[in-house]
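Input: a single structure, listed below in structure tokens.
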Amino acid sequence: MTNSWEGFLDIIELYPNIRQKANLQILMDFPNGHPNESLLLSLFEKIEVIYGGKRCTILWWNNGRIYNKTISKDNLRYLQYLWDRIAGNYLLFLPEKFYVKRKNVEDEEEFIGECLVKYSHLILKTEDAYVALYLYINK
């Protein structure tokens with residue numbers, strides 16, 4: 001696959017054997033970097049298919065500190081607010097039962113790589129907020 005995000009897999013510091021199995025797709029585009037309600041509903045439909053549940057855990061960080069919240073379609077306004085508030089930062093969509101031991105992260109991309117290895121797939125809002133990526137590892 002060729003797209004402008006393919007190089008992202010190289011910066012999340014995967015071991016070479018895992019990097020060979022890693023894939024990245026553009027899951028959705030968000031014009032102007034702002035998600036309207038219909039785009040978020042569409043994103044949630046994709047999340048339900050990928051994770052097999054109606055809820056997921058979102059994870060973001062600010063000044064190195066990790067924050068997370070379990071959300072569903074009922075939380076679209078919160079997600080829309082958060083998306084705008086953390087513009088310029090990543091937002092991860094992970095399975096509902098995600099658990100993080102750390103309170104702080106020094107290297108966000110490395111942490112994303114660790115999450116990908118742990119869960120074998122994840123959805124990521126990019127820092128520019130224009131794209132949601134689907135990263136996964138073939139078994």
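Here, A, B, ... name the chains of the structure tokens in the order displayed, residue numbers run from 1 inside each chain, and ligands are numbered from 1 in the same displayed order.
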
Non-local contacts of A:Lys21 (10 Å; only C-alpha atoms; under 2 positions in same chain excluded) as a CSV table (one decimal) with C-alpha atoms, in the first residue's frame:
```
chain,number,residue,atom,x,y,z
A,16,PRO,CA,11.9,-5.5,12.5
A,17,ASN,CA,10.0,-8.9,12.6
A,18,ILE,CA,6.9,-7.1,13.7
A,19,ARG,CA,7.4,-4.1,11.3
A,23,ASN,CA,0.0,-2.5,8.0
A,136,TYR,CA,-2.8,-3.7,12.4
A,137,ILE,CA,-0.4,-6.6,12.5
A,138,ASN,CA,-0.9,-9.6,10.3
A,139,LYS,CA,-0.6,-12.8,12.3
```

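Inside stretch 64-93 of chain A, the residues DSSP reads as alpha helix (DSSP H) when given the backbone are Leu76, Arg77, Tyr78, Leu79, Gln80, Tyr81, Leu82, Trp83, Asp84 and Arg85 of chain A.
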
A:Met28, A:Tyr51, A:Phe98, A:Tyr15 ranked by distance to A:His121, top pick (using only C-alpha atoms)
A:Tyr51

Distance query stretch 58-71 of chain A at most 12 Å, only C-alpha atoms, self and fewer than 5 positions along chain excluded, as a VMD selection string
chain A and resid 44 47 to 48 53 76 to 80 82 to 83 85 to 109 111 to 112 115 122 to 127

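Of note, atom CA of A:Glu37 and atom CA of A:Leu133 are spaced 18.5 Å apart.
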
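Across A:Glu6, A:Glu45, A:Asp29, A:Asp84, the tightest approach to A:Ala132 is made by A:Asp29 when counting only C-alpha atoms.
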
Which residue is closest to A:Glu13? Choose from A:Ala129, A:Val117, A:Leu135, A:Leu39 and count only C-alpha atoms.
A:Val117

Report the distance between atom CA of A:Ser38 and atom CA of A:Asp74 in Å, rounded to one decimal place.
13.0 Å
